[in-house]
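Note sheet for the following structure.
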Amino acid sequence: MRSSRSKMRAGLSVAATLPLLAGALALSIPSANADSGTGSRHALQGTKPLWAKASADRGASANSGQVNARVYLAGRDAQGLTAYAKEVSDPQSASYGKYLSAKQAKARFGTTPEQIKQVTAWLKSSGLKVTGSNQHYVSVSGDVSAAEKAFSTQLHNYRKGSKTYRAPTSTASAPASLRGAVLTVVGLDNAPHNVKHDTTTLPPPSAVFKNAGPMSSYYGSKVNKTLPNAYGEKAPYAIKGYTGQQLRSAYGAGNKTGKGVTVAITDAYASPTIAQDATKYAKRNGDSAYAGGQLSQVLPSDYTDIDECGAAGWYGEETLDVQAVHAVAPKSDIVYVGAASCNDDALLDSLGKVVDNHLADIVSNSWGDIEANETPAVAAAYDQVFQLGAVEGIGFYFSTGDNGDEVANTGTKQVDTPANSAWVTAVGGTSLAVGKGDKYQWETGWGTLKSSLSADNKTWTAFPGTFNGGAGGGTSKTVAQPFYQRGVVPGKLAKANGKTAMRTTPDISAIADPNTGFLVGQTQTFPDGSQQYSEYRIGGTSLAAPVIAGIQALAQQAQHGVPIGFANPSIYSRYGTPAYHDVTDHPLGAGHTQSVVRVDFANSVDASGGLLTSLRTLGADSSLVATVGYDDVTGVGSPGRTYISSFARR
C-alpha cells in the first residue's frame with residue numbers, strides 16, 4: 001500500500017524494554033551527572049543496549065575492529081535549557097512567548113569552544129581520531145581498543161536474533177572533569193550494521209503507482225450499486241483524493257493562507273523532480289502558484305546508505321509533504337531540509353540545521369521508528385535539539401506511524417518515536433468525509449479492515465476482514481507524562497503500562513486514511529522505463545503531519561505572525577472547546593459503521609493485470625479506540641471550525 005510512512009529510520013538496536021526517561025519534561029536520559037562509582041568517571045546512562053545480556057555474550061570484539069561514534073555535547077546549561085523550554089512554551093508562564101534568537105540560544109545554552117576543546121583532547125588522548133565537530137557533537141573513529149580506553153568499557157559481540165552485533169559490556173563513561181560537557185555517546189554498538197558508501201548520485205524515481213476507478217470526487221458522490229452490501233447498505237467508492245480546497249474547508253482555514261510563515265520539512269534524500277512536480281500539481285489542482293523562492297531546499301553535500309534506506313522511496317514522502325503543506329497554507333514559505341540518509345545521525349543533522357539557523361518556526365517530520373528501537377542515548381540527542389528549538393519558538397510535528405498499536409507489525413504493543421518525545425507534537429490520523437460543496441461531514445479514527453470481493457462477486461471474504469493499517473498511538477514505556485497532559489489524558493491510558501502515568505500519543509490528528517486520502521502528483525518510472533508525471537491518492541500519518549503543520553502556519557498568521565513555538569501546552573489548553581472536532585469511531589452513532597469500496601490495479605499501473613476489489617471498514621484501529629474525549633488514536637481531536645481563529649485572541 002502506497003500510503004504509510006515510506007521509510008523508517010535505521011541504525012538503532014532493538015530492546016524489549018527501555019529505562020524510564022528521567023523527568024516528565026527533563027532531558028530524556030537518566031541522570032547524565034551520575035558518577036560511575038569510581039569517583040573519576042562520569043557515567044553516560046543508556047549507552048549499553050538492553051539486548052546486550054550476559055546470556056547473549058559471544059566474547060570480546062577484535063581490538064582491530066573499527067568504531068565510528070558521536071559524542072554529543074551537553075552545552076553550557078542543560079538543566080536551564082530544559083526549564084526555559086518549558087517556561088517559554090507554557091501559556092500559564094510569565095515567560096510564555098519570550099523566545100530567544102538562534103544566536104541568543106547558542107550564547108545562553110550552546111556548547112562553549114572550551115568544552116569542544118576539552119572533549120576533543122580527551123578523545124585524541126585515548127587514541128581516537130576526531131573526524132568532525134560542531135556545537136552539538138564531536139565525531140570520532142578508531143579501533144575497538146581505543147574506544148574501550150576512551151569510554152572505560154569493554155566491547156563484546158552479542159547474539160541478537162539470528163545475527164551478532166558489537167556493544168558495550170557496561171555503561172560507557174567519560175572523565176569526571178567532563179561531566180558538564182558530555183551529554184552521551186552513540187555508535188559504540190553497531191546493530192544493525194549498514195554498509196556506508198558516499199555518493200552524490202541518487203537513483204531514479206520509483207515504479208509508478210496509479211489508482212483504479214471507480215472513485216468518488218467527494219465522500220459519497222459515487223456509490224456502488226452492484227456489489228454486496230456492507231453494514232446494511234451499499235458502500236461508496238473511495239475518493240479520488242482530496243485537494244487543498246476540500247481540506248482547507250474541512251479544517252476551517254477561512255481567509256488565512258500562511259502568509260509570512262515558514263514551514264520546514266525534514267526527510268531523507270531529495271526528489272530530483274520536486275520543483276517541477278510541485279508547480280504542475282498546484283496548477284492542475286487549484287492551488288496558488290509558487291512565488292519565486294517560496295519553495296527552497298537545504299541539502300547535504302553527499303548521500304549515504306542509498307540502497308539500505310531505499311532512497312527513491314523517500315521522493316514520494318518529500319512530494320507528499322511539500323504538496324500537502326502548500327495545499328493547506330498556500331502562501332507559506334516551505335524549506336525542505338534533506339538528510340544524507342535515513343539514519344539518526346543524518347536526521348539529527350537536518351533538525352540541527354533548522355534550529356541553528358532558525359530556518360522555520362514550524363517543522364513537519366513524517367518519519368520514525370518503534371519505541372523499542374530507540375535507546376535513551378539517542379532520545380537525549382533528539383530532545384536536546386527539540387528543546388533548543390522550543391526556546392527559539394520552533395515547534396516540531398511528528399507522524400505517529402501507520403501500524404496502529406504495532407502488535408501486527410512487531411508482536412508488541414508500543415508507540416513510535418520520536419513522536420513519543422514530550423517535546424514534540426505527535427500527530428495521529430483520521431478517516432475524513434468531506435461532502436458536496438466541500439462541507440465537513442465527519443471523521444473516524446483512522447484504522448481499516450480489509451475484506452476482498454469473493455470470486456463470484458457475491459460476498460466480502462471473511463467480512464469484516466483483517467487489520468490493514470491505522471494511526472499509531474498508545475502509551476510510552478519510556479517517557480513520563482508531561483505536565484500538559486495531566487487532567488486531560490484518562491488515567492486508564494496514561495497508566496496502561498503500570499502505576500506511573502506516562503506520555504500518551506497522539507496529541508492532535510488530521511486526515512490520514514489512504515481510502516479518504518490526498519491527491520499528489522509525482523514523476524514516476526513507468527514500465528517502459530520512461531519517467532512521467534502522474535497523480536495518485538495517498539495517506540498515512542505522513543499526510544496528517546504536514547496537514548497539521550500547514551494548519552499551524554494558518555494559526556500563526558492569525559496570531560499576527562507571533563510564533564506558536566512548541567505547541568502542546570497551547571493545544572491541550574483548548575481541549576474540550578469548539579476548537580476541535582471530537583473524533584470517534586462511530587460519528588453517526590452506535591451501530592453505524594462506515595466503509596468504502598476500493599478498486600486497485602493488480603499490477604499497480606493499469607487494468608491489463610486485472611482488478612482487485614475490496615471493502616475497507618473504517619474506524620477499526622487495532623486495539624486502539626477513538627472515543628469521546630481524549631483517545632490514543634486522535635488525541636484531543638482534529639482542528640475544528642474555531643481552532644485557527646482561537647489564536648487571534650492571544
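Residues in the C-alpha cells are numbered from 1 in each chain, the chains being A, B, ... in the order shown, and ligands are numbered from 1 in the order shown.
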Distance table requested - stretch 552-577 of chain A against stretch 317-341 of chain A, cut-off 9 Å, only C-alpha atoms: one row per qualifying residue with the closest atom pair and its distance in Å to one decimal, ordered by chain and rising residue number, as JSON lines.
{"residue": "A:Gln552", "atom": "CA", "partner": "A:Ala329", "partner_atom": "CA", "distance": 8.9}
{"residue": "A:Ala553", "atom": "CA", "partner": "A:Ala329", "partner_atom": "CA", "distance": 6.6}
{"residue": "A:Leu554", "atom": "CA", "partner": "A:Ala329", "partner_atom": "CA", "distance": 6.4}
Save the residues we just selected, C-alpha atoms, as a PDB file, in the first residue's frame?
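Writing done, so here's out-v7.pdb:
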ATOM      1  CA  GLN A 552      -0.326  25.705  12.362  1.00  0.00           C
ATOM      2  CA  ALA A 553       1.007  28.111   9.738  1.00  0.00           C
ATOM      3  CA  LEU A 554      -2.525  29.468   9.353  1.00  0.00           C
TER       4      LEU A 554
END
What are the nearest atom pairs, with distances in Å to one decimal, for all residues of stretch 62-175 of chain A that come at most 12 Å from stretch 564-576 of chain A, using only C-alpha atoms, set out by chain and rising residue number as a tab-separated table?
residue	atom	partner	partner_atom	distance
A:Tyr84	CA	A:Phe566	CA	11.9
A:Ala85	CA	A:Phe566	CA	8.5
A:Lys86	CA	A:Phe566	CA	8.9
A:Glu87	CA	A:Pro569	CA	10.3
A:Val88	CA	A:Gly565	CA	8.5
A:Ser89	CA	A:Phe566	CA	5.8
A:Asp90	CA	A:Pro569	CA	5.6
A:Pro91	CA	A:Ser570	CA	6.6
A:Gln92	CA	A:Pro569	CA	9.0
A:Ser93	CA	A:Pro569	CA	10.7
A:Tyr96	CA	A:Gly565	CA	9.8
A:Gly97	CA	A:Gly565	CA	7.7
A:Lys98	CA	A:Gly565	CA	10.2
A:Tyr99	CA	A:Gly565	CA	8.5
A:Leu100	CA	A:Gly565	CA	11.1
Near stretch 602-616 of chain A, counting only C-alpha atoms, which residues have an atom at most 6 Å away, once you skip same-chain residues fewer than 3 positions from it, shown as a ChimeraX atom specification? /A:209-210,448-453,595-599
Need to verify the contact set: A:Leu202, 12 Å, only C-alpha atoms, exclusion of same-chain residues closer than 2 positions in sequence. Can you return it as a list of chain:residue names?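 Counting only C-alpha atoms, the residues come to A:Asp198, A:Thr199, A:Thr200, A:Pro204, A:Pro205, A:Ser206, A:Ala268, A:Tyr269, A:Ala270, A:Ser271, A:Pro272, A:Thr273, A:Asp302, A:Tyr303, A:Thr304, A:Asp305, A:Ile306, A:Asp307, A:Cys309, A:Gly310, A:Ala311, A:Ala312, A:Gly313, A:Trp314, A:Tyr315, A:Ala340, A:Ser341.
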Please, which residues of stretch 169-408 of chain A, numbered as in this document, come out strand (DSSP E) from DSSP, as a PyMOL selection string? chain A and resi 173-175+182-186+262-268+295-298+333-339+362-365+369-370+395-399
Residues within 6 Å of A:Ala579, please, as an mmCIF file with C-alpha atoms, in the first residue's frame. Count only C-alpha atoms; anything in the same chain fewer than 4 positions from it doesn't count.
data_model
loop_
_atom_site.group_PDB
_atom_site.id
_atom_site.type_symbol
_atom_site.label_atom_id
_atom_site.label_comp_id
_atom_site.auth_asym_id
_atom_site.auth_seq_id
_atom_site.Cartn_x
_atom_site.Cartn_y
_atom_site.Cartn_z
ATOM 1 C CA GLY A 640 -12.400 22.358 14.250
ATOM 2 C CA THR A 642 -12.643 27.803 15.604
ATOM 3 C CA TYR A 643 -9.178 26.297 16.044
#
Set the distance at 10 Å and use only C-alpha atoms: which residues neighbour A:Lys436 once local chain neighbours fewer than 6 positions away are removed? I'd like the list as a VMD selection string. chain A and resid 217 to 221 246
Considering only C-alpha atoms, return as a ChimeraX atom specification whatever protein or nucleic-acid residues lie within 10 Å of A:Ala172, sequence-local ones (same chain, fewer than 5 positions apart) excluded. /A:36,41-48,147-148,150-154,184-186,188
By how many Å are atom CA of A:Asp277 and atom CA of A:Asp361 apart?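 Atom CA of A:Asp361 lies at a distance of 25.0 Å from atom CA of A:Asp277.
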Secondary structure check, helix (DSSP H, G or I) residues of stretch 508-557 of chain A, as a list of chain:residue names: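 Selecting the helix (DSSP H, G or I) positions of stretch 508-557 of chain A gives A:Pro514, A:Asn515, A:Thr516, A:Thr541, A:Ser542, A:Leu543, A:Ala544, A:Ala545, A:Pro546, A:Val547, A:Ile548, A:Ala549, A:Gly550, A:Ile551, A:Gln552, A:Ala553, A:Leu554, A:Ala555, A:Gln556, A:Gln557.
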How would the residues just chosen look if you wrote them out with N, CA and C atoms as a compact mmCIF listing (two decimals), in the first residue's frame?
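To be explicit, this is the file written out as selection_4.txt:
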# COMPACT_ATOMS: atom_id res chain seq x y z
N PRO A 514 -5.66 6.37 3.73
CA PRO A 514 -5.44 6.44 2.28
C PRO A 514 -6.71 6.22 1.47
N ASN A 515 -7.74 5.67 2.10
CA ASN A 515 -9.01 5.48 1.39
C ASN A 515 -9.85 6.75 1.36
N THR A 516 -9.50 7.70 2.20
CA THR A 516 -10.09 9.04 2.14
C THR A 516 -8.94 10.04 2.05
N THR A 541 -0.17 8.70 8.39
CA THR A 541 0.11 9.86 9.23
C THR A 541 1.21 10.72 8.62
N SER A 542 1.86 10.21 7.57
CA SER A 542 2.75 11.03 6.76
C SER A 542 2.00 12.17 6.10
N LEU A 543 0.71 12.00 5.90
CA LEU A 543 -0.14 13.07 5.40
C LEU A 543 -0.61 13.95 6.54
N ALA A 544 -1.00 13.35 7.65
CA ALA A 544 -1.53 14.12 8.78
C ALA A 544 -0.52 15.14 9.29
N ALA A 545 0.75 14.76 9.38
CA ALA A 545 1.76 15.67 9.93
C ALA A 545 1.90 16.96 9.12
N PRO A 546 2.09 16.90 7.78
CA PRO A 546 2.18 18.16 7.05
C PRO A 546 0.87 18.94 6.99
N VAL A 547 -0.27 18.24 7.06
CA VAL A 547 -1.55 18.96 7.11
C VAL A 547 -1.63 19.78 8.40
N ILE A 548 -1.27 19.16 9.53
CA ILE A 548 -1.27 19.91 10.79
C ILE A 548 -0.24 21.03 10.75
N ALA A 549 0.92 20.78 10.16
CA ALA A 549 1.93 21.83 10.03
C ALA A 549 1.38 23.01 9.24
N GLY A 550 0.66 22.71 8.16
CA GLY A 550 0.03 23.78 7.37
C GLY A 550 -1.01 24.53 8.18
N ILE A 551 -1.80 23.81 8.95
CA ILE A 551 -2.82 24.46 9.78
C ILE A 551 -2.16 25.34 10.83
N GLN A 552 -1.04 24.88 11.39
CA GLN A 552 -0.33 25.71 12.36
C GLN A 552 0.21 26.98 11.72
N ALA A 553 0.58 26.90 10.45
CA ALA A 553 1.01 28.11 9.74
C ALA A 553 -0.15 29.10 9.64
N LEU A 554 -1.35 28.60 9.40
CA LEU A 554 -2.52 29.47 9.35
C LEU A 554 -2.80 30.07 10.73
N ALA A 555 -2.65 29.26 11.77
CA ALA A 555 -2.87 29.73 13.14
C ALA A 555 -1.84 30.79 13.52
N GLN A 556 -0.60 30.59 13.11
CA GLN A 556 0.43 31.58 13.42
C GLN A 556 0.15 32.90 12.70
N GLN A 557 -0.35 32.81 11.48
CA GLN A 557 -0.75 34.03 10.77
C GLN A 557 -1.87 34.72 11.54
What is the atom CA of A:Leu128 to atom CA of A:Ser141 distance in Å?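 Between atom CA of A:Leu128 and atom CA of A:Ser141 the gap is 5.8 Å.
Among the candidates A:Ala648, A:Leu624, A:Val71, A:Ile538, the one nearest to A:His560 when counting only C-alpha atoms is A:Ala648.
Between atom CA of A:Ser646 and atom CA of A:Leu432 lies a distance of 22.5 Å.
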Given the choices A:Gly473, A:Gly429, A:Gly619, A:Gly316, which gets closest to A:Gly447 if the distance is worked out from only C-alpha atoms?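 Answer, going by the shortest atom-to-atom distance: A:Gly619.
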Residue nearest A:Val208 among A:Gln522, A:Gln104, A:Ser622, A:Gln245 (counting only C-alpha atoms):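 Smallest separation from A:Val208 among the options: A:Gln522.
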